Amino acid sequence: MKDLVSAAYEAFRDELLGHGLLISMGVDGLYGRSGTFEHVVERLNAAISGVGDPDGPEVMRFPPGLGRLQLEKSGYVRNFPHLAGTVASFAGSDHDHAALLGRLSKGEDWTDMQRPTEVALTPAACYGVYPTIASRGPLAATGALVDVYTWCFRHEPSIDPARMQMFRQREHVRIGTREQVSSFRTLWLDRAQALVGSLELPATIEVASDPFFGRAGKLLSASQREESLKFELLVPIVAEAPRTACVSFNDHRDLFGRAWAIQTETGETAHTACVGFGVERLTLALFRHHGFIVADWPDRVRHVLGL
Ligand code: ZN
């Protein structure tokens, strides 16, 4: 069964590369994108804006990195050490440089000559939002609503083209009272289903969990499911394989509120939630279900995307 799935992933990846939509970079999960692929990503983003803009979110755009200490403080290193990435660089002397050149000329490994920098790679688009909101002091009664779009990194090399190591997430993030956060998530569960439905993609919503590390992580995943803190909108992309999570709906309760000491207007610890659209995954789903030539897609779908 596993071989069948692997073969199906490889076949889909070969088709995407063959049509020039993705560009091989020689590393599993790392791809360039063609102009056509990017155009669909942009139109998809515009469609998400069309749904979310009327709420008047504050727009924030961050680079694909964040402070290493921010990653640590958010709990990501504790919970997902296997997925986290940090940036390392050379900071040696002339003497060390000579040693580095020696190793390079002999084709030897040189990577242990790098040292960690202050920069980590962003694992999820919303991670830059919490410290920013926290730095402003207590929330207003209306809470905060942020629109964020960021390149993310997760170290999970895979031949599945929908499981990239570097990809983009478009998120709306709600910070406020438990009630504000809960109604935000309900609203976006409906909106995301309607949007993906209008793209004529087969989708279902299911309770999900995050891939917490190790044995203790299994318990965290189980309780996350039990309490329905995470939902995913799943779309079949490769028929033989498990369905792919294209949108996720996350209720963090007061996890980030506590980590960053975010307070509501009344001085309680804030709750947070986010809805995250995997724009590459949705784009891949569109190519899978409607074909590799955009001009051949159903008129209704092209109309929704303005293509
Ligand atoms: Zn998020």
# chains A, B, ... in the order shown; residues from 1 in each chain; ligands from 1

$ select_by_dssp --residues "stretch 26-242 of chain A" --states "helix (DSSP H, G or I)" --output "JSON, numbers by chain"
{"A": [35, 36, 37, 38, 39, 40, 41, 42, 43, 44, 45, 46, 47, 48, 49, 50, 51, 52, 53, 54, 55, 68, 69, 70, 71, 72, 73, 76, 77, 78, 79, 94, 95, 96, 97, 98, 99, 100, 101, 102, 103, 104, 105, 111, 112, 113, 125, 126, 127, 128, 129, 130, 131, 132, 133, 134, 178, 179, 180, 181, 182, 183, 184, 185, 186, 187, 188, 189, 190, 191, 192, 193, 194, 195, 196, 197, 198, 214, 215, 216, 217, 218, 219, 220, 221, 222, 223, 224, 225, 226]}

$ closest_atom_pairs --of "chain A" --to "ligand 1" --cutoff "6 Å" --atoms "only C-alpha atoms and all ligand atoms" --output "JSON lines"
{"residue": "A:Ala124", "atom": "CA", "partner": "ligand 1", "partner_atom_place_in_ligand_line": "1 (Zn)", "distance": 5.7}
{"residue": "A:Ala125", "atom": "CA", "partner": "ligand 1", "partner_atom_place_in_ligand_line": "1 (Zn)", "distance": 5.8}
{"residue": "A:Cys126", "atom": "CA", "partner": "ligand 1", "partner_atom_place_in_ligand_line": "1 (Zn)", "distance": 4.3}
{"residue": "A:Cys274", "atom": "CA", "partner": "ligand 1", "partner_atom_place_in_ligand_line": "1 (Zn)", "distance": 4.7}
{"residue": "A:Gly276", "atom": "CA", "partner": "ligand 1", "partner_atom_place_in_ligand_line": "1 (Zn)", "distance": 5.9}

$ write_last_selection --atoms "N, CA and C atoms" --output "compact mmCIF listing (two decimals), in the first residue's frame"
# COMPACT_ATOMS: atom_id res chain seq x y z
N ALA A 124 4.76 28.92 11.39
CA ALA A 124 3.34 29.17 11.08
C ALA A 124 3.16 30.68 11.00
N ALA A 125 2.33 31.11 10.07
CA ALA A 125 2.24 32.54 9.77
C ALA A 125 1.90 33.39 10.99
N CYS A 126 1.10 32.84 11.90
CA CYS A 126 0.59 33.66 13.00
C CYS A 126 1.61 33.92 14.11
N CYS A 274 -6.74 30.92 15.10
CA CYS A 274 -6.37 31.33 13.75
C CYS A 274 -7.00 30.39 12.74
N GLY A 276 -5.97 29.17 8.96
CA GLY A 276 -4.82 29.23 8.05
C GLY A 276 -5.12 28.52 6.74

$ residues_around --residues "stretch 284-297 of chain A" --least-positions-apart "4" --cutoff "9 Å" --atoms "only C-alpha atoms" --output "MDAnalysis selection string"
chainID A and resid 12 15:16 19 21 36:37 40 161:162 199:202 235:238 244 246 279:280 301:302 307

$ residues_around --residues "A:Glu240" --least-positions-apart "6" --cutoff "12 Å" --atoms "only C-alpha atoms" --output "ChimeraX atom specification"
/A:1-12,160

$ residues_around --residues "A:Thr150" --least-positions-apart "2" --cutoff "12 Å" --atoms "only C-alpha atoms" --output "PyMOL selection string"
chain A and resi 45+59-66+121-129+147-148+152-153+166-172+276-279

$ write_last_selection --atoms "N, CA, C and O atoms" --output "CSV table (one decimal), in the first residue's frame"
chain,number,residue,atom,x,y,z
A,45,ASN,N,-5.4,34.1,-3.1
A,45,ASN,CA,-5.2,35.1,-2.0
A,45,ASN,C,-6.2,36.2,-2.1
A,45,ASN,O,-6.8,36.7,-1.1
A,59,VAL,N,-3.6,44.5,8.7
A,59,VAL,CA,-2.7,43.7,7.9
A,59,VAL,C,-1.3,43.7,8.4
A,59,VAL,O,-0.8,44.8,8.7
A,60,MET,N,-0.7,42.6,8.6
A,60,MET,CA,0.7,42.5,9.0
A,60,MET,C,1.4,41.5,8.1
A,60,MET,O,0.9,40.4,7.8
A,61,ARG,N,2.6,41.9,7.6
A,61,ARG,CA,3.4,41.0,6.8
A,61,ARG,C,4.8,40.9,7.4
A,61,ARG,O,5.4,41.9,7.7
A,62,PHE,N,5.2,39.6,7.6
A,62,PHE,CA,6.5,39.4,8.3
A,62,PHE,C,7.4,38.7,7.3
A,62,PHE,O,7.0,38.0,6.4
A,63,PRO,N,8.7,38.8,7.5
A,63,PRO,CA,9.7,38.0,6.7
A,63,PRO,C,9.5,36.5,7.1
A,63,PRO,O,8.9,36.2,8.1
A,64,PRO,N,10.1,35.6,6.4
A,64,PRO,CA,10.0,34.2,6.8
A,64,PRO,C,10.8,33.7,8.0
A,64,PRO,O,11.0,32.5,8.2
A,65,GLY,N,11.3,34.7,8.7
A,65,GLY,CA,12.0,34.3,9.9
A,65,GLY,C,11.5,35.1,11.1
A,65,GLY,O,10.8,36.1,11.0
A,66,LEU,N,11.8,34.6,12.3
A,66,LEU,CA,11.4,35.3,13.5
A,66,LEU,C,12.6,35.1,14.5
A,66,LEU,O,13.5,34.3,14.3
A,121,LEU,N,13.4,30.1,11.5
A,121,LEU,CA,12.5,30.1,10.4
A,121,LEU,C,11.1,30.0,11.0
A,121,LEU,O,10.8,29.3,11.9
A,122,THR,N,10.2,30.8,10.3
A,122,THR,CA,8.8,30.9,10.8
A,122,THR,C,8.1,29.5,10.6
A,122,THR,O,8.0,29.1,9.4
A,123,PRO,N,7.5,28.9,11.6
A,123,PRO,CA,6.8,27.6,11.4
A,123,PRO,C,5.4,27.8,11.0
A,123,PRO,O,4.8,26.9,10.4
A,124,ALA,N,4.8,28.9,11.4
A,124,ALA,CA,3.3,29.2,11.1
A,124,ALA,C,3.2,30.7,11.0
A,124,ALA,O,3.8,31.4,11.8
A,125,ALA,N,2.3,31.1,10.1
A,125,ALA,CA,2.2,32.5,9.8
A,125,ALA,C,1.9,33.4,11.0
A,125,ALA,O,2.4,34.5,11.1
A,126,CYS,N,1.1,32.8,11.9
A,126,CYS,CA,0.6,33.7,13.0
A,126,CYS,C,1.6,33.9,14.1
A,126,CYS,O,1.4,34.7,15.0
A,127,TYR,N,2.8,33.2,14.1
A,127,TYR,CA,3.7,33.4,15.2
A,127,TYR,C,4.3,34.8,15.4
A,127,TYR,O,4.7,35.1,16.5
A,128,GLY,N,4.3,35.6,14.3
A,128,GLY,CA,4.8,36.9,14.5
A,128,GLY,C,3.8,37.9,15.1
A,128,GLY,O,4.1,38.9,15.6
A,129,VAL,N,2.5,37.4,15.1
A,129,VAL,CA,1.4,38.3,15.5
A,129,VAL,C,1.4,38.5,17.1
A,129,VAL,O,1.2,39.6,17.6
A,147,ASP,N,-4.7,40.0,9.7
A,147,ASP,CA,-4.5,39.3,8.5
A,147,ASP,C,-3.0,39.2,8.2
A,147,ASP,O,-2.3,40.2,8.2
A,148,VAL,N,-2.5,37.9,8.1
A,148,VAL,CA,-1.1,37.7,8.0
A,148,VAL,C,-0.8,36.7,6.9
A,148,VAL,O,-1.6,35.8,6.6
A,152,CYS,N,6.5,29.9,5.4
A,152,CYS,CA,6.8,29.1,6.6
A,152,CYS,C,7.8,27.9,6.2
A,152,CYS,O,7.9,27.5,5.1
A,153,PHE,N,8.4,27.4,7.3
A,153,PHE,CA,9.3,26.3,7.1
A,153,PHE,C,9.0,25.2,8.1
A,153,PHE,O,8.7,25.5,9.2
A,166,MET,N,9.0,24.5,2.4
A,166,MET,CA,8.8,25.9,2.5
A,166,MET,C,7.6,26.3,1.7
A,166,MET,O,7.5,25.9,0.5
A,167,PHE,N,6.6,26.9,2.3
A,167,PHE,CA,5.3,27.1,1.7
A,167,PHE,C,4.7,28.4,2.4
A,167,PHE,O,5.3,28.9,3.3
A,168,ARG,N,3.6,28.8,1.9
A,168,ARG,CA,3.0,30.0,2.4
A,168,ARG,C,1.6,29.7,3.1
A,168,ARG,O,0.9,28.9,2.6
A,169,GLN,N,1.4,30.5,4.2
A,169,GLN,CA,0.1,30.4,4.8
A,169,GLN,C,-0.5,31.8,4.9
A,169,GLN,O,0.1,32.8,5.2
A,170,ARG,N,-1.8,31.8,4.5
A,170,ARG,CA,-2.5,33.0,4.7
A,170,ARG,C,-3.5,32.8,5.9
A,170,ARG,O,-4.2,31.9,5.9
A,171,GLU,N,-3.3,33.7,6.8
A,171,GLU,CA,-4.1,33.5,8.1
A,171,GLU,C,-4.9,34.7,8.5
A,171,GLU,O,-4.5,35.8,8.2
A,172,HIS,N,-6.0,34.4,9.1
A,172,HIS,CA,-6.6,35.5,9.9
A,172,HIS,C,-6.5,35.0,11.4
A,172,HIS,O,-6.7,33.8,11.7
A,276,GLY,N,-6.0,29.2,9.0
A,276,GLY,CA,-4.8,29.2,8.1
A,276,GLY,C,-5.1,28.5,6.7
A,276,GLY,O,-5.5,27.3,6.7
A,277,PHE,N,-5.0,29.2,5.6
A,277,PHE,CA,-5.1,28.7,4.3
A,277,PHE,C,-3.8,28.3,3.8
A,277,PHE,O,-2.9,29.1,3.7
A,278,GLY,N,-3.6,27.0,3.4
A,278,GLY,CA,-2.4,26.6,2.7
A,278,GLY,C,-2.5,26.9,1.3
A,278,GLY,O,-3.2,26.1,0.5
A,279,VAL,N,-2.0,28.0,0.8
A,279,VAL,CA,-2.3,28.4,-0.5
A,279,VAL,C,-1.7,27.5,-1.6
A,279,VAL,O,-2.3,27.3,-2.6

$ residues_around --residues "A:Asp251" --least-positions-apart "4" --cutoff "7 Å" --atoms "only C-alpha atoms" --output "PDB file with N, CA and C atoms, in the first residue's frame"
ATOM      1  N   LEU A 229     -10.016  21.113  19.479  1.00  0.00           N
ATOM      2  CA  LEU A 229      -9.340  22.408  19.391  1.00  0.00           C
ATOM      3  C   LEU A 229      -8.857  22.701  17.978  1.00  0.00           C
ATOM      4  N   LYS A 230      -8.774  21.650  17.163  1.00  0.00           N
ATOM      5  CA  LYS A 230      -8.302  21.860  15.791  1.00  0.00           C
ATOM      6  C   LYS A 230      -9.219  21.145  14.803  1.00  0.00           C
ATOM      7  N   THR A 272      -6.736  32.954  21.878  1.00  0.00           N
ATOM      8  CA  THR A 272      -6.423  33.221  20.477  1.00  0.00           C
ATOM      9  C   THR A 272      -6.901  32.059  19.606  1.00  0.00           C
ATOM     10  N   ALA A 273      -7.157  32.388  18.352  1.00  0.00           N
ATOM     11  CA  ALA A 273      -7.484  31.368  17.354  1.00  0.00           C
ATOM     12  C   ALA A 273      -6.991  31.859  16.013  1.00  0.00           C
ATOM     13  N   CYS A 274      -6.743  30.921  15.103  1.00  0.00           N
ATOM     14  CA  CYS A 274      -6.369  31.332  13.753  1.00  0.00           C
ATOM     15  C   CYS A 274      -6.997  30.391  12.744  1.00  0.00           C
TER      16      CYS A 274
END

$ atom_distance --atom1 "atom CA of A:Arg13" --atom2 "atom CA of A:Ala192"
26.4 Å

$ atom_distance --atom1 "atom CA of A:Gln180" --atom2 "atom CA of A:Thr132"
19.3 Å

$ atom_distance --atom1 "atom CA of A:Val304" --atom2 "atom CA of A:Ala47"
7.2 Å

$ residues_around --residues "stretch 182-184 of chain A" --least-positions-apart "5" --cutoff "12 Å" --atoms "only C-alpha atoms" --output "PyMOL selection string"
chain A and resi 52+55+143-146+172-177+189-192+228-230+249-253+271-275

$ select_by_dssp --residues "stretch 45-105 of chain A" --states "strand (DSSP E or B)" --output "list in words"
Glu58, Val59, Met60, Gly65, Leu66, Gly67, Thr86, Val87, Ala88, Ser89 and Phe90 of chain A

$ write_last_selection --atoms "N, CA, C and O atoms" --output "compact mmCIF listing (two decimals), in the first residue's frame"
# COMPACT_ATOMS: atom_id res chain seq x y z
N GLU A 58 -6.42 44.09 10.73
CA GLU A 58 -5.15 44.81 10.59
C GLU A 58 -4.21 43.91 9.78
O GLU A 58 -4.05 42.73 10.10
N VAL A 59 -3.62 44.46 8.74
CA VAL A 59 -2.73 43.66 7.90
C VAL A 59 -1.31 43.73 8.44
O VAL A 59 -0.79 44.81 8.72
N MET A 60 -0.69 42.55 8.62
CA MET A 60 0.73 42.48 9.01
C MET A 60 1.42 41.50 8.06
O MET A 60 0.91 40.43 7.78
N GLY A 65 11.27 34.67 8.73
CA GLY A 65 12.02 34.35 9.94
C GLY A 65 11.46 35.10 11.13
O GLY A 65 10.76 36.11 10.98
N LEU A 66 11.77 34.58 12.32
CA LEU A 66 11.42 35.29 13.55
C LEU A 66 12.57 35.09 14.53
O LEU A 66 13.46 34.27 14.28
N GLY A 67 12.57 35.84 15.61
CA GLY A 67 13.64 35.71 16.60
C GLY A 67 13.67 34.30 17.17
O GLY A 67 12.61 33.72 17.44
N THR A 86 16.38 26.55 12.37
CA THR A 86 17.01 27.81 12.78
C THR A 86 18.08 28.14 11.75
O THR A 86 18.55 27.27 11.02
N VAL A 87 18.47 29.40 11.71
CA VAL A 87 19.48 29.84 10.75
C VAL A 87 20.84 29.86 11.43
O VAL A 87 20.98 30.42 12.52
N ALA A 88 21.81 29.21 10.79
CA ALA A 88 23.18 29.20 11.32
C ALA A 88 24.08 29.91 10.31
O ALA A 88 23.78 29.97 9.12
N SER A 89 25.19 30.46 10.81
CA SER A 89 26.09 31.18 9.92
C SER A 89 27.52 31.07 10.45
O SER A 89 27.75 30.73 11.61
N PHE A 90 28.44 31.38 9.58
CA PHE A 90 29.86 31.32 9.96
C PHE A 90 30.23 32.60 10.68
O PHE A 90 29.92 33.70 10.23

$ closest_residue --among "A:Ala91, A:Leu220, A:Ile133, A:Leu30" --to "A:Gln263" --atoms "only C-alpha atoms"
A:Ile133

$ closest_residue --among "A:Ser221, A:Pro131, A:Pro298, A:Leu255" --to "A:Ser198" --atoms "only C-alpha atoms"
A:Pro298

$ closest_residue --among "A:Arg163, A:Arg215, A:Arg154, A:Arg185" --to "A:Leu282" --atoms "only C-alpha atoms"
A:Arg163

$ decode --residues "stretch 100-116 of chain A" --atoms "all heavy atoms" --output "CSV table (one decimal), in the first residue's frame"
chain,number,residue,atom,x,y,z
A,100,LEU,N,38.0,26.3,7.0
A,100,LEU,CA,36.7,26.1,6.2
A,100,LEU,C,37.1,25.9,4.8
A,100,LEU,O,36.6,24.9,4.1
A,100,LEU,CB,35.8,27.3,6.4
A,100,LEU,CG,34.6,27.4,5.5
A,100,LEU,CD1,33.6,26.4,6.0
A,100,LEU,CD2,33.9,28.8,5.6
A,101,LEU,N,38.0,26.7,4.2
A,101,LEU,CA,38.4,26.6,2.8
A,101,LEU,C,39.0,25.2,2.6
A,101,LEU,O,38.8,24.6,1.5
A,101,LEU,CB,39.4,27.7,2.4
A,101,LEU,CG,38.8,29.1,2.4
A,101,LEU,CD1,39.8,30.1,2.1
A,101,LEU,CD2,37.6,29.2,1.5
A,102,GLY,N,39.8,24.8,3.6
A,102,GLY,CA,40.5,23.5,3.4
A,102,GLY,C,39.4,22.4,3.3
A,102,GLY,O,39.5,21.5,2.5
A,103,ARG,N,38.4,22.4,4.2
A,103,ARG,CA,37.4,21.4,4.1
A,103,ARG,C,36.6,21.5,2.8
A,103,ARG,O,36.3,20.4,2.2
A,103,ARG,CB,36.4,21.6,5.3
A,103,ARG,CG,37.0,21.3,6.6
A,103,ARG,CD,35.9,20.8,7.5
A,103,ARG,NE,36.2,21.1,8.9
A,103,ARG,CZ,35.3,21.0,9.9
A,103,ARG,NH1,34.1,20.6,9.6
A,103,ARG,NH2,35.6,21.3,11.1
A,104,LEU,N,36.3,22.7,2.4
A,104,LEU,CA,35.6,22.8,1.1
A,104,LEU,C,36.3,22.2,-0.1
A,104,LEU,O,35.8,21.5,-0.9
A,104,LEU,CB,35.3,24.3,0.8
A,104,LEU,CG,34.2,25.0,1.6
A,104,LEU,CD1,34.2,26.5,1.4
A,104,LEU,CD2,32.8,24.4,1.3
A,105,SER,N,37.7,22.5,-0.1
A,105,SER,CA,38.5,22.0,-1.2
A,105,SER,C,38.6,20.5,-1.2
A,105,SER,O,38.7,19.9,-2.3
A,105,SER,CB,39.9,22.7,-1.2
A,105,SER,OG,40.5,22.2,-0.1
A,106,LYS,N,38.4,19.9,0.0
A,106,LYS,CA,38.5,18.4,0.0
A,106,LYS,C,37.1,17.8,-0.1
A,106,LYS,O,36.9,16.6,0.0
A,106,LYS,CB,39.1,18.0,1.3
A,106,LYS,CG,40.6,18.2,1.4
A,106,LYS,CD,41.3,17.7,2.6
A,106,LYS,CE,42.0,18.8,3.3
A,106,LYS,NZ,42.2,18.6,4.8
A,107,GLY,N,36.1,18.6,-0.2
A,107,GLY,CA,34.7,18.1,-0.3
A,107,GLY,C,34.2,17.6,1.1
A,107,GLY,O,33.3,16.7,1.1
A,108,GLU,N,34.8,18.0,2.2
A,108,GLU,CA,34.4,17.5,3.5
A,108,GLU,C,33.3,18.4,4.0
A,108,GLU,O,33.0,19.5,3.6
A,108,GLU,CB,35.6,17.6,4.4
A,108,GLU,CG,36.7,16.7,4.1
A,108,GLU,CD,37.9,16.9,5.0
A,108,GLU,OE1,37.9,17.8,5.9
A,108,GLU,OE2,38.9,16.1,4.8
A,109,ASP,N,32.6,17.8,5.0
A,109,ASP,CA,31.5,18.5,5.7
A,109,ASP,C,32.0,19.7,6.4
A,109,ASP,O,33.0,19.7,7.1
A,109,ASP,CB,30.8,17.6,6.7
A,109,ASP,CG,29.6,18.3,7.3
A,109,ASP,OD1,28.9,19.0,6.6
A,109,ASP,OD2,29.4,18.1,8.6
A,110,TRP,N,31.4,20.9,6.2
A,110,TRP,CA,31.8,22.1,6.8
A,110,TRP,C,30.7,22.7,7.7
A,110,TRP,O,30.9,23.8,8.4
A,110,TRP,CB,32.1,23.2,5.7
A,110,TRP,CG,30.9,23.2,4.7
A,110,TRP,CD1,30.7,22.5,3.6
A,110,TRP,CD2,29.8,24.1,4.8
A,110,TRP,NE1,29.5,22.8,3.0
A,110,TRP,CE2,28.9,23.8,3.7
A,110,TRP,CE3,29.3,25.1,5.7
A,110,TRP,CZ2,27.7,24.4,3.5
A,110,TRP,CZ3,28.1,25.7,5.5
A,110,TRP,CH2,27.3,25.4,4.4
A,111,THR,N,29.6,22.0,7.8
A,111,THR,CA,28.4,22.7,8.5
A,111,THR,C,28.6,22.9,10.0
A,111,THR,O,28.0,23.7,10.6
A,111,THR,CB,27.1,21.8,8.2
A,111,THR,OG1,27.4,20.5,8.5
A,111,THR,CG2,26.7,21.9,6.8
A,112,ASP,N,29.5,22.1,10.6
A,112,ASP,CA,29.7,22.3,12.1
A,112,ASP,C,30.5,23.5,12.3
A,112,ASP,O,30.7,23.9,13.5
A,112,ASP,CB,30.3,21.0,12.7
A,112,ASP,CG,31.7,20.8,12.3
A,112,ASP,OD1,32.1,21.3,11.2
A,112,ASP,OD2,32.5,20.1,13.0
A,113,MET,N,31.0,24.2,11.3
A,113,MET,CA,31.7,25.4,11.5
A,113,MET,C,30.7,26.6,11.6
A,113,MET,O,31.1,27.8,11.7
A,113,MET,CB,32.7,25.7,10.4
A,113,MET,CG,33.7,24.5,10.4
A,113,MET,SD,35.2,24.9,9.4
A,113,MET,CE,36.0,26.1,10.4
A,114,GLN,N,29.4,26.3,11.4
A,114,GLN,CA,28.4,27.4,11.5
A,114,GLN,C,27.9,27.4,12.9
A,114,GLN,O,27.9,26.4,13.6
A,114,GLN,CB,27.3,27.2,10.6
A,114,GLN,CG,27.6,27.3,9.1
A,114,GLN,CD,26.4,27.5,8.3
A,114,GLN,OE1,25.4,26.8,8.4
A,114,GLN,NE2,26.4,28.4,7.4
A,115,ARG,N,27.5,28.6,13.4
A,115,ARG,CA,26.9,28.7,14.7
A,115,ARG,C,25.5,29.3,14.6
A,115,ARG,O,25.3,30.1,13.7
A,115,ARG,CB,27.8,29.7,15.5
A,115,ARG,CG,29.2,29.1,15.9
A,115,ARG,CD,29.1,28.0,17.0
A,115,ARG,NE,30.3,27.3,17.1
A,115,ARG,CZ,30.6,26.2,16.5
A,115,ARG,NH1,29.8,25.6,15.7
A,115,ARG,NH2,31.8,25.6,16.7
A,116,PRO,N,24.7,29.0,15.6
A,116,PRO,CA,23.3,29.6,15.5
A,116,PRO,C,23.3,31.1,15.5
A,116,PRO,O,24.1,31.7,16.1
A,116,PRO,CB,22.7,29.1,16.8
A,116,PRO,CG,23.5,28.0,17.3
A,116,PRO,CD,24.9,28.2,16.8
